[in-house]
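K.L.:
Sharing a structure with you now.
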Amino acid sequence: MRIDAISIFPEYLAPLELSLIGKARQEGLLDLRVHDLRTFTTDRHRTVDDTPYGGGAGMVMKPEPWAQALESVLDAVGPSNGHPPADNAAADGSSPVQSNRPPTLIVPSPAGEVFDQRMAHELASREHLVFACGRYEGIDDRLLDWASGQFDLRPVSLGDYVLNGGEVAVLAIVEAVGRLLPGVVGNPDSLVEESHADGLLEYPVYTKPSNWRGRDVPEALLSGNHAGIARYRREQQLIRTAARRPDLIARLDPDALTGVDVDALLQLGFEVQSGRVVRASGD
Ligand code: ADE
């Protein structure tokens, strides 16, 4: 996968050199490039923002530096319309990304679609992600209109709160997507059993010693009985999810639940009604 991230604070993205993502880059599993938006300005002050038409607080990012930056990314990878360029080598020596679909342009914004594990999987299937990190009050909206002609445009929010800019969202999204790429996480089984993999939160985990500060590891985990351990863990997932994230319980597909799951949910105050999991009416 190729990722380009454009920001006025490229140093903010330095953590992407660390840990699993850094290793994936070194191993060539992920071709990630960070660009400074100011490189694409033409004035002496390297201006990227201006006052908003219509008035109001704050500044708005000018569209032209963004268009220049995004065009340079497109030039570097070659056309994505299924017609490979005559010269296969990209301008910077990198291998061009060629596919039938345009690169996905992710614009982090509190006004975007909320990022979740389903979206992480979807983005992990793309060949080329481009991140445009807005700052201030955001980017002139005409840039997004222009970009939607060249990219698959995705305004994405980390959640219902406001950050100072898109860089933290890039760190989160690249980590969540990068770890889904083949070869990035050493043991792929850990992707199967983690929170959100099956719409539920992960079960609690324990390690040695079996008694710590007067607290025992649950008996079921010490039994060596694999079926019993699996049953215990599944029940814990349901208990934890019902307590912390009842909204996720309501989104479960009843067809994916076993009879044991349905019984456990009933104990937790949920029942299946008209093909949906709902709070039990209690009568
Ligand atoms: N930029 C500012 N706030 C944001 C949020 N909640 N998610 C993504 N990008 C943002």
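Letters for chains follow the order of the structure tokens (A, B, ...), residue numbers begin at 1 for each chain, and ligand numbers begin at 1 in the order shown.
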Please identify the residues whose atoms come within 8 Å of ligand 1, using only C-alpha atoms and all ligand atoms, and report them as an mmCIF file with C-alpha atoms, in the first residue's frame.
P.N.:
data_model
loop_
_atom_site.group_PDB
_atom_site.id
_atom_site.type_symbol
_atom_site.label_atom_id
_atom_site.label_comp_id
_atom_site.auth_asym_id
_atom_site.auth_seq_id
_atom_site.Cartn_x
_atom_site.Cartn_y
_atom_site.Cartn_z
ATOM 1 C CA VAL A 107 -9.756 14.543 4.731
ATOM 2 C CA PRO A 108 -9.834 14.314 8.542
ATOM 3 C CA SER A 109 -12.598 16.533 9.866
ATOM 4 C CA PRO A 110 -15.057 16.541 12.754
ATOM 5 C CA ALA A 111 -17.672 16.899 9.990
ATOM 6 C CA GLY A 112 -16.709 13.543 8.417
ATOM 7 C CA VAL A 114 -16.997 8.429 11.895
ATOM 8 C CA CYS A 133 -4.507 17.407 7.133
ATOM 9 C CA GLY A 134 -6.509 20.584 7.505
ATOM 10 C CA ARG A 135 -5.789 23.110 10.248
ATOM 11 C CA VAL A 156 -13.431 11.125 8.035
ATOM 12 C CA SER A 157 -13.911 11.997 11.707
ATOM 13 C CA LEU A 158 -12.215 10.292 14.646
ATOM 14 C CA GLY A 159 -15.244 10.995 16.801
ATOM 15 C CA ASP A 160 -17.569 13.685 18.043
ATOM 16 C CA TYR A 161 -14.997 16.068 19.441
ATOM 17 C CA VAL A 162 -12.788 18.750 17.916
ATOM 18 C CA LEU A 163 -9.024 18.426 17.452
ATOM 19 C CA ASN A 164 -6.690 21.219 16.330
ATOM 20 C CA GLY A 165 -6.008 19.546 13.008
ATOM 21 C CA GLY A 166 -6.003 16.304 11.068
ATOM 22 C CA GLU A 167 -2.570 14.992 12.067
ATOM 23 C CA VAL A 168 -3.723 13.017 15.130
ATOM 24 C CA ALA A 169 -6.423 11.441 12.955
#
K.L.:
Excluding Gly138 in chain A and its own-chain neighbours fewer than 5 positions away, which residues fall within 8 Å of it when counting only C-alpha atoms? Please give them as a list in words.
P.N.:
Met59, Val60, Met61 and Ser109 of chain A
K.L.:
Run DSSP on the backbone and give me the residues of range 26-177 of chain A it puts in strand (DSSP E or B), as a ChimeraX atom specification.
P.N.:
/A:31-36,49-50,60-61,104-114,128-132,139,152-157
K.L.:
Write out as a Markdown table a residue-level contact list of range 195-246 of chain A versus range 254-259 of chain A with cut-off 12 Å: for each qualifying residue the closest pair of atoms and the distance in Å to one decimal, counting only C-alpha atoms, rows sorted by chain and residue number upward.
P.N.:
| residue | atom | partner | partner_atom | distance |
| --- | --- | --- | --- | --- |
| A:Asp198 | CA | A:Ala256 | CA | 9.5 |
| A:Gly199 | CA | A:Ala256 | CA | 10.4 |
| A:Leu200 | CA | A:Leu257 | CA | 11.6 |
| A:Arg231 | CA | A:Thr258 | CA | 11.1 |
| A:Arg234 | CA | A:Thr258 | CA | 10.6 |
| A:Glu235 | CA | A:Thr258 | CA | 11.4 |
| A:Leu238 | CA | A:Leu257 | CA | 10.9 |
K.L.:
As a PyMOL selection string, please: every residue in range 77-203 of chain A that a backbone DSSP assignment puts in helix (DSSP H, G or I).
P.N.:
chain A and resi 77+117-124+141-147+167-178+189-192
K.L.:
Env of range 141-153 of chain A: 6 Å cut, atoms = only C-alpha atoms, seq-sep filter 2 positions within chain, self excluded. Answer as a PDB file with N, CA, C and O atoms, in the first residue's frame.
P.N.:
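This went into out32.pdb:
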ATOM      1  N   PRO A  63      -7.095  27.145  -1.260  1.00  0.00           N
ATOM      2  CA  PRO A  63      -7.190  25.906  -2.056  1.00  0.00           C
ATOM      3  C   PRO A  63      -5.966  25.616  -2.927  1.00  0.00           C
ATOM      4  O   PRO A  63      -5.630  24.455  -3.147  1.00  0.00           O
ATOM      5  N   PRO A 102      -9.308   5.527  -8.522  1.00  0.00           N
ATOM      6  CA  PRO A 102      -8.467   6.670  -8.125  1.00  0.00           C
ATOM      7  C   PRO A 102      -8.010   6.505  -6.683  1.00  0.00           C
ATOM      8  O   PRO A 102      -8.635   5.771  -5.909  1.00  0.00           O
ATOM      9  N   PRO A 103      -6.928   7.188  -6.293  1.00  0.00           N
ATOM     10  CA  PRO A 103      -6.506   7.133  -4.892  1.00  0.00           C
ATOM     11  C   PRO A 103      -7.635   7.641  -3.983  1.00  0.00           C
ATOM     12  O   PRO A 103      -8.450   8.472  -4.397  1.00  0.00           O
ATOM     13  N   THR A 104      -7.665   7.124  -2.769  1.00  0.00           N
ATOM     14  CA  THR A 104      -8.654   7.571  -1.790  1.00  0.00           C
ATOM     15  C   THR A 104      -8.083   8.773  -1.061  1.00  0.00           C
ATOM     16  O   THR A 104      -6.997   8.683  -0.485  1.00  0.00           O
ATOM     17  N   LEU A 105      -8.791   9.896  -1.110  1.00  0.00           N
ATOM     18  CA  LEU A 105      -8.335  11.101  -0.409  1.00  0.00           C
ATOM     19  C   LEU A 105      -9.107  11.227   0.904  1.00  0.00           C
ATOM     20  O   LEU A 105     -10.318  11.465   0.898  1.00  0.00           O
ATOM     21  N   ILE A 139     -10.380  23.614   5.141  1.00  0.00           N
ATOM     22  CA  ILE A 139      -9.884  23.934   3.799  1.00  0.00           C
ATOM     23  C   ILE A 139     -11.040  24.522   2.987  1.00  0.00           C
ATOM     24  O   ILE A 139     -12.182  24.065   3.104  1.00  0.00           O
TER      25      ILE A 139
END
K.L.:
May I have the residues within 8 Å of range 36-49 of chain A as a list of chain:residue names, using only C-alpha atoms and disregarding those fewer than 5 positions away in the same chain?
P.N.:
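Selected residues are A:Ile6, A:Ser7, A:Ile8, A:Phe9, A:Pro10, A:Met59, A:Val60, A:Met61, A:Lys62, A:Glu64, A:Pro65, A:Trp66, A:Gln68, A:Ala69.
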K.L.:
Could you give me, as a PyMOL selection string, the residues within 12 Å of Ala243 in chain A, counting only C-alpha atoms and dropping anything in the same chain fewer than 3 positions from it?
P.N.:
chain A and resi 200-201+236-240+246-249+265+268-270
